[in-house]
Amino acid sequence: MELEQIWNRQLVSDKENDWLSREALGAFRTRYAAGVMRPKHRLLVFDIIYKAIVVLGQVVLLFIGEISLFKAGITILISGGMALLMVQDFRLKSAIQSLDTPRDLISTLKEQYRFLQRFYREFLPIGSITHSFMVLVGFQFYYFFKYQEDGLVLLLQDPVTYVFLILAFVVPFVVNKMTYTAELKELEQIIDIGLDEVSSEIDLIRIKEKNRARRILFVLLALAGLLALFVILFLIT
Amino acid sequence: MNEADFDKLVREHHGLIWKVCKTFFRNEEDQKDLFQDILYKLWKGKDSFQQQSKVSTWIYRIGLNQAIDKTRMKKKGLVSLSEANALDLATAKTRQTEYDIEALYQAIDQLKPLEKALILLYLEQETYRDIAEVIGISEKNVSVKLVRIKEKLKGYYLNVIKHLEQHGT
C-alpha cells in the first residue's frame with residue numbers, strides 16, 4: 001500500500017477533539033511557551049545582575065575603606081568595563097527578542113544559528129570575565145572584614161590572586177564552550193538537509209560572526225590591558 | 001482578529017495542528033503540550049498573519065517552527081523503534097488501519113526534523129509552491145528533497161513492519 005493512502009485514512013479521534021474543549025482553548029492564552037532560546041535569555045539577565053553586583057561591591061569598597069587615587073582608578077576602570085559589557089549583554093538580549101519574528105523554517109533556523117554563533121563567541125568571554133572581577137571584589141571584602149583595612153594593593157602584589165582570577169575566567173569559559181559547541185553542532189545537523197545553498201550560507205554566517213567576535217575580544221583585551229597598565233604603573237611608582 | 005474569530009479559525013484547522021503534533025512527538029503528553037504551544041504562538045502572532053498568504057501556510061509555518069523548537073528542547077534526535085513504540089503498535093494491530101497509520105508515524109519519527117516537516121506537507125497534499133514557502137527553499141529543491149525523503153520513509157516503514165513481525169506483535 002502507498003504511504004499517501006495510509007496517511008489519508010487517518011481521522012481525528014474524539015480524544016484529539018478534547019484538545020479543543022473550552023478549557024483547552026482558554027488555557028493557551030495564559031500559557032507561557034518556553035522557546036529554545038529561553039535559557040540564553042535567563043543567562044543574559046543573570047549576567048547583567050551579576051555585573052551590577054560586582055560594580056556595586058567595588059563602589060561600596062571604595063567608600064568603606066580609605067579612598068585612594070589607586071582604588072578610585074580601579075573602581076572607575078571596573079565599573080566602566082562592566083557597564084560596557086552590560087551594554088553588550090543588553091544587545092544580545094534584544095537580538096533574542098528579534099528571533100520571534102515569524103519566518104519560514106530554514107530562515108528561522110539560520111537566524112537561530114546566527115544568534116547562537118554570536119552568543120557563543122561574545123557571551124563566552126564577557127560572561128566568564130565577570131567571575132574574575134567577582135573574585136577580586138570578594139577577596140577585597142574578605143581582606144577588609146578580616147584585617148579591617150584595604151587589601152587591594154597587597155592582593156594585586158600577590159601572584160596567588162592572579163591564579164584565582166585566571167581560574168575564575170578559564171573554568172566557566174571551558175565548561176560553557178563545550179556546551180555551546182555541542183548546541184551549535186546539533187543545530188547544524190538540523191539545518192543540514194543536503195542543500196548546497198543552505199550549507200554555504202551557514203559557512204558565511206560562521207565567518208561573519210567570527211569577525212564580529214574579534215572586535216569584542218579586542219575590547220576585552222583593551223580593558224584588561226588598561227587595568228594591567230594601571231596596576232603596573234602604580235606598583236612601580 | 002478577536003477571540004471568537006481565533007477560536008473559529010483553530011476549530012477549522014485543528015486537524016492540521018494535530019498532525020504536526022503527531023508527526024513530531026510520539027508521546028501524548030508531548031503532543032498535547034506542543035498543541036498548546038502552537039495555539040499560544042498563533043494567538044501571539046495573529047497580527048502577523050497577512051491575508052495574501054493562505055491560512056494553512058501561516059499555521060504550518062508557526063506550527064512547524066514551534067515543533068522543531070520543541071524537538072530541540074527535548075534533545076530528541078534520530079530514534080530507533082523503542083519498546084514503548086512497539087507496544088503502541090501491538091495495541092494498534094487490533095485494527096489494521098490504526099496499525100498502518102501508527103507504523104507510518106513511527107517511520108516518520110526516524111526522519112530528521114526538517115525532513116518530517118517536508119513529508120508532512122507533502123502527505124497533506126500541499127502544493128510544491130506552498131511547501132517551498134513554508135520551508136524556505138526553492139520549488140525545485142522541494143521536489144528533489146521529496147524524492148529522497150519518500151524513498152527513505154518507505155525503507156523506514158518496511159523496517160518498522162519487519163521489526164514487528166520478527167518480535168511477534
# chains A, B, ... in the order shown; residues from 1 in each chain; ligands from 1
$ interface_residues --of "chain B" --to "chain A" --cutoff "7 Å" --atoms "only C-alpha atoms" --output "number ranges by chain"
B: 15, 36-37, 39-40, 61-62, 65, 69, 72-73, 100-101, 112-114, 123, 133-136
$ residues_around --residues "A:Glu149" --least-positions-apart "5" --cutoff "10 Å" --atoms "only C-alpha atoms" --output "PyMOL selection string"
chain A and resi 64-66+140-141+143-144
$ select_by_dssp --residues "stretch 86-156 of chain A" --states "alpha helix (DSSP H)" --output "number ranges by chain"
A: 86-97, 105-147, 152-156
$ write_last_selection --atoms "C-alpha atoms" --output "CSV table (one decimal), in the first residue's frame"
chain,number,residue,atom,x,y,z
A,86,MET,CA,26.4,45.1,30.2
A,87,VAL,CA,25.5,47.1,27.1
A,88,GLN,CA,26.7,44.1,25.1
A,89,ASP,CA,24.5,41.8,27.2
A,90,PHE,CA,21.5,44.1,26.5
A,91,ARG,CA,22.3,44.0,22.8
A,92,LEU,CA,22.4,40.2,22.8
A,93,LYS,CA,19.2,40.2,24.8
A,94,SER,CA,17.4,42.3,22.3
A,95,ALA,CA,18.7,40.1,19.5
A,96,ILE,CA,16.9,37.1,21.1
A,97,GLN,CA,13.6,39.1,21.0
A,105,LEU,CA,11.7,27.2,8.7
A,106,ILE,CA,15.1,27.5,7.1
A,107,SER,CA,15.3,31.2,7.8
A,108,THR,CA,14.2,30.7,11.4
A,109,LEU,CA,16.9,28.1,11.9
A,110,LYS,CA,19.5,30.3,10.1
A,111,GLU,CA,18.6,33.2,12.4
A,112,GLN,CA,18.9,31.0,15.4
A,113,TYR,CA,22.3,29.7,14.2
A,114,ARG,CA,23.5,33.3,13.5
A,115,PHE,CA,22.4,34.2,17.0
A,116,LEU,CA,24.0,31.2,18.6
A,117,GLN,CA,27.3,31.8,16.8
A,118,ARG,CA,27.2,35.4,18.1
A,119,PHE,CA,26.1,34.4,21.6
A,120,TYR,CA,28.7,31.7,21.7
A,121,ARG,CA,31.5,33.9,20.6
A,122,GLU,CA,30.6,37.0,22.6
A,123,PHE,CA,29.0,35.8,25.7
A,124,LEU,CA,31.7,33.3,26.5
A,125,PRO,CA,34.4,35.9,27.2
A,126,ILE,CA,32.1,38.7,28.5
A,127,GLY,CA,30.3,36.3,30.8
A,128,SER,CA,33.4,34.5,32.1
A,129,ILE,CA,35.3,37.7,32.9
A,130,THR,CA,32.5,38.7,35.4
A,131,HIS,CA,33.6,35.8,37.6
A,132,SER,CA,37.2,37.1,37.7
A,133,PHE,CA,36.0,40.5,38.8
A,134,MET,CA,33.7,39.0,41.4
A,135,VAL,CA,36.7,37.1,42.8
A,136,LEU,CA,38.7,40.3,43.0
A,137,VAL,CA,35.8,42.1,44.8
A,138,GLY,CA,35.2,39.1,47.1
A,139,PHE,CA,38.9,38.9,48.1
A,140,GLN,CA,38.8,42.7,48.9
A,141,PHE,CA,35.8,42.2,51.1
A,142,TYR,CA,37.4,39.2,52.8
A,143,TYR,CA,40.5,41.2,53.5
A,144,PHE,CA,38.6,44.2,54.7
A,145,PHE,CA,36.5,42.3,57.2
A,146,LYS,CA,39.3,40.1,58.3
A,147,TYR,CA,42.0,42.7,58.8
A,152,LEU,CA,43.6,45.9,47.1
A,153,VAL,CA,47.3,46.8,46.8
A,154,LEU,CA,48.5,43.7,48.7
A,155,LEU,CA,46.2,41.5,46.7
A,156,LEU,CA,47.5,42.8,43.4
$ residues_around --residues "B:Lys54" --least-positions-apart "5" --cutoff "12 Å" --atoms "only C-alpha atoms" --output "list in words"
His13, Phe49, Ile59, Tyr60, Arg61, Glu126, Thr127, Arg129, Asp130, Ile131, Glu133 and Val134 of chain B
$ atom_distance --atom1 "atom CA of B:Leu111" --atom2 "atom CA of A:Glu188"
15.6 Å
$ closest_residue --among "A:Ala213, A:Leu44, A:Gly73, A:Asp196" --to "B:Ile137" --atoms "only C-alpha atoms"
A:Asp196
$ atom_distance --atom1 "atom CA of B:Val20" --atom2 "atom CA of B:Ala117"
8.1 Å
$ closest_residue --among "B:Leu42, B:Ile108, B:Cys21, B:Val55" --to "B:Gly155" --atoms "only C-alpha atoms"
B:Ile108
$ atom_distance --atom1 "atom CA of B:Asp47" --atom2 "atom CA of B:Met1"
7.5 Å
$ closest_residue --among "B:Lys46, B:Lys154, B:Lys8, B:Arg95" --to "B:Gln110" --atoms "only C-alpha atoms"
B:Lys154
$ residues_around --residues "A:Ala228" --least-positions-apart "2" --cutoff "12 Å" --atoms "only C-alpha atoms" --output "PyMOL selection string"
chain A and resi 73-74+77-78+156-157+162+221-226+230-235
$ write_last_selection --atoms "C-alpha atoms" --output "short mmCIF file (atom, residue, chain, number, x, y, z; two decimals), in the first residue's frame"
data_model
loop_
_atom_site.label_atom_id
_atom_site.label_comp_id
_atom_site.auth_asym_id
_atom_site.auth_seq_id
_atom_site.Cartn_x
_atom_site.Cartn_y
_atom_site.Cartn_z
CA GLY A 73 41.10 54.40 39.47
CA ILE A 74 40.48 50.65 39.78
CA LEU A 77 38.02 51.01 35.35
CA ILE A 78 36.00 48.04 36.68
CA LEU A 156 47.46 42.80 43.43
CA GLN A 157 51.04 42.21 44.52
CA TYR A 162 46.18 36.20 39.69
CA LEU A 221 41.89 42.78 25.83
CA ALA A 222 41.97 46.59 25.84
CA LEU A 223 40.12 46.60 29.16
CA ALA A 224 42.45 44.01 30.69
CA GLY A 225 45.49 45.85 29.28
CA LEU A 226 44.34 49.15 30.73
CA PHE A 230 47.28 50.99 35.72
CA VAL A 231 48.36 48.39 38.29
CA ILE A 232 51.93 48.16 36.96
CA LEU A 233 52.35 51.96 36.88
CA PHE A 234 51.08 52.21 40.43
CA LEU A 235 53.28 49.42 41.74
#
$ decode --residues "stretch 5-121 of chain B" --atoms "C-alpha atoms" --output "mmCIF file, in the first residue's frame"
data_model
loop_
_atom_site.group_PDB
_atom_site.id
_atom_site.type_symbol
_atom_site.label_atom_id
_atom_site.label_comp_id
_atom_site.auth_asym_id
_atom_site.auth_seq_id
_atom_site.Cartn_x
_atom_site.Cartn_y
_atom_site.Cartn_z
ATOM 1 C CA ASP B 5 -12.604 34.611 15.322
ATOM 2 C CA PHE B 6 -9.454 32.976 16.563
ATOM 3 C CA ASP B 7 -11.309 30.089 18.229
ATOM 4 C CA LYS B 8 -13.239 29.559 14.989
ATOM 5 C CA LEU B 9 -10.026 29.506 12.988
ATOM 6 C CA VAL B 10 -8.477 26.966 15.372
ATOM 7 C CA ARG B 11 -11.545 24.716 15.211
ATOM 8 C CA GLU B 12 -11.462 24.827 11.417
ATOM 9 C CA HIS B 13 -7.785 23.961 11.188
ATOM 10 C CA HIS B 14 -7.162 21.899 14.309
ATOM 11 C CA GLY B 15 -6.677 18.706 12.284
ATOM 12 C CA LEU B 16 -3.663 20.285 10.676
ATOM 13 C CA ILE B 17 -2.143 21.340 14.019
ATOM 14 C CA TRP B 18 -2.900 17.923 15.454
ATOM 15 C CA LYS B 19 -1.000 16.225 12.607
ATOM 16 C CA VAL B 20 2.023 18.475 13.206
ATOM 17 C CA CYS B 21 1.995 17.364 16.856
ATOM 18 C CA LYS B 22 1.671 13.683 15.994
ATOM 19 C CA THR B 23 4.414 13.913 13.365
ATOM 20 C CA PHE B 24 6.936 15.353 15.798
ATOM 21 C CA PHE B 25 6.100 13.566 19.038
ATOM 22 C CA ARG B 26 5.007 10.035 19.802
ATOM 23 C CA ASN B 27 4.189 10.695 23.431
ATOM 24 C CA GLU B 28 0.660 12.001 24.050
ATOM 25 C CA GLU B 29 1.728 14.442 26.762
ATOM 26 C CA ASP B 30 4.315 15.988 24.439
ATOM 27 C CA GLN B 31 1.753 16.163 21.646
ATOM 28 C CA LYS B 32 -0.731 17.978 23.872
ATOM 29 C CA ASP B 33 1.966 20.281 25.112
ATOM 30 C CA LEU B 34 3.036 21.140 21.574
ATOM 31 C CA PHE B 35 -0.609 21.661 20.589
ATOM 32 C CA GLN B 36 -0.983 24.269 23.326
ATOM 33 C CA ASP B 37 2.343 25.867 22.427
ATOM 34 C CA ILE B 38 1.284 26.192 18.797
ATOM 35 C CA LEU B 39 -2.046 27.756 19.785
ATOM 36 C CA TYR B 40 -0.165 30.195 22.002
ATOM 37 C CA LYS B 41 2.235 31.134 19.197
ATOM 38 C CA LEU B 42 -0.630 31.513 16.718
ATOM 39 C CA TRP B 43 -2.501 33.709 19.170
ATOM 40 C CA LYS B 44 0.594 35.792 19.820
ATOM 41 C CA GLY B 45 1.364 36.112 16.124
ATOM 42 C CA LYS B 46 -2.212 36.560 14.877
ATOM 43 C CA ASP B 47 -1.481 40.143 13.865
ATOM 44 C CA SER B 48 1.436 38.981 11.711
ATOM 45 C CA PHE B 49 -0.933 36.968 9.550
ATOM 46 C CA GLN B 50 -1.115 38.546 6.124
ATOM 47 C CA GLN B 51 -4.307 37.938 4.212
ATOM 48 C CA GLN B 52 -2.424 37.400 0.940
ATOM 49 C CA SER B 53 -0.940 34.099 2.161
ATOM 50 C CA LYS B 54 -3.064 31.017 2.855
ATOM 51 C CA VAL B 55 -4.205 30.406 6.437
ATOM 52 C CA SER B 56 -2.809 26.859 6.267
ATOM 53 C CA THR B 57 0.619 28.182 5.173
ATOM 54 C CA TRP B 58 0.656 30.573 8.122
ATOM 55 C CA ILE B 59 -0.370 27.837 10.563
ATOM 56 C CA TYR B 60 2.190 25.379 9.164
ATOM 57 C CA ARG B 61 4.929 27.990 9.357
ATOM 58 C CA ILE B 62 4.261 28.759 13.016
ATOM 59 C CA GLY B 63 3.380 25.174 13.971
ATOM 60 C CA LEU B 64 6.411 23.571 12.357
ATOM 61 C CA ASN B 65 8.774 26.219 13.732
ATOM 62 C CA GLN B 66 7.414 25.550 17.198
ATOM 63 C CA ALA B 67 7.626 21.775 16.679
ATOM 64 C CA ILE B 68 11.303 21.953 15.665
ATOM 65 C CA ASP B 69 12.000 24.276 18.579
ATOM 66 C CA LYS B 70 10.410 21.835 20.986
ATOM 67 C CA THR B 71 12.244 18.893 19.425
ATOM 68 C CA ARG B 72 15.498 20.693 20.136
ATOM 69 C CA MET B 73 14.490 21.447 23.709
ATOM 70 C CA LYS B 74 13.653 17.803 24.240
ATOM 71 C CA LYS B 75 17.068 16.910 22.756
ATOM 72 C CA LYS B 76 15.340 14.345 20.650
ATOM 73 C CA GLY B 77 17.498 13.208 17.765
ATOM 74 C CA LEU B 78 17.110 10.243 15.491
ATOM 75 C CA VAL B 79 15.274 7.498 17.291
ATOM 76 C CA SER B 80 15.045 3.817 16.752
ATOM 77 C CA LEU B 81 11.958 1.774 17.327
ATOM 78 C CA SER B 82 11.741 1.544 21.086
ATOM 79 C CA GLU B 83 9.919 -0.958 23.225
ATOM 80 C CA ALA B 84 7.277 1.646 24.020
ATOM 81 C CA ASN B 85 6.717 2.241 20.300
ATOM 82 C CA ALA B 86 6.409 -1.487 19.738
ATOM 83 C CA LEU B 87 3.793 -1.687 22.481
ATOM 84 C CA ASP B 88 1.781 1.100 20.867
ATOM 85 C CA LEU B 89 1.857 -0.814 17.638
ATOM 86 C CA ALA B 90 0.875 -4.068 19.286
ATOM 87 C CA THR B 91 -2.223 -2.388 20.691
ATOM 88 C CA ALA B 92 -2.963 -0.746 17.387
ATOM 89 C CA LYS B 93 -2.715 -4.024 15.491
ATOM 90 C CA THR B 94 -6.206 -4.898 16.638
ATOM 91 C CA ARG B 95 -7.342 -2.631 13.840
ATOM 92 C CA GLN B 96 -5.428 -2.725 10.576
ATOM 93 C CA THR B 97 -5.943 0.947 9.721
ATOM 94 C CA GLU B 98 -4.689 2.159 13.081
ATOM 95 C CA TYR B 99 -1.803 -0.257 12.827
ATOM 96 C CA ASP B 100 -0.736 1.062 9.410
ATOM 97 C CA ILE B 101 -1.066 4.678 10.486
ATOM 98 C CA GLU B 102 0.880 4.100 13.706
ATOM 99 C CA ALA B 103 3.604 2.278 11.765
ATOM 100 C CA LEU B 104 3.783 5.204 9.344
ATOM 101 C CA TYR B 105 4.123 7.701 12.190
ATOM 102 C CA GLN B 106 6.893 5.611 13.700
ATOM 103 C CA ALA B 107 8.687 5.557 10.362
ATOM 104 C CA ILE B 108 8.305 9.351 10.083
ATOM 105 C CA ASP B 109 9.678 9.644 13.617
ATOM 106 C CA GLN B 110 13.024 8.363 12.349
ATOM 107 C CA LEU B 111 13.415 11.260 9.922
ATOM 108 C CA LYS B 112 15.297 14.477 10.727
ATOM 109 C CA PRO B 113 13.100 17.438 11.855
ATOM 110 C CA LEU B 114 13.184 19.288 8.517
ATOM 111 C CA GLU B 115 12.522 16.056 6.630
ATOM 112 C CA LYS B 116 9.499 15.467 8.877
ATOM 113 C CA ALA B 117 8.209 18.927 8.018
ATOM 114 C CA LEU B 118 8.679 18.301 4.279
ATOM 115 C CA ILE B 119 6.983 14.908 4.296
ATOM 116 C CA LEU B 120 4.092 16.160 6.433
ATOM 117 C CA LEU B 121 3.388 18.964 3.961
#
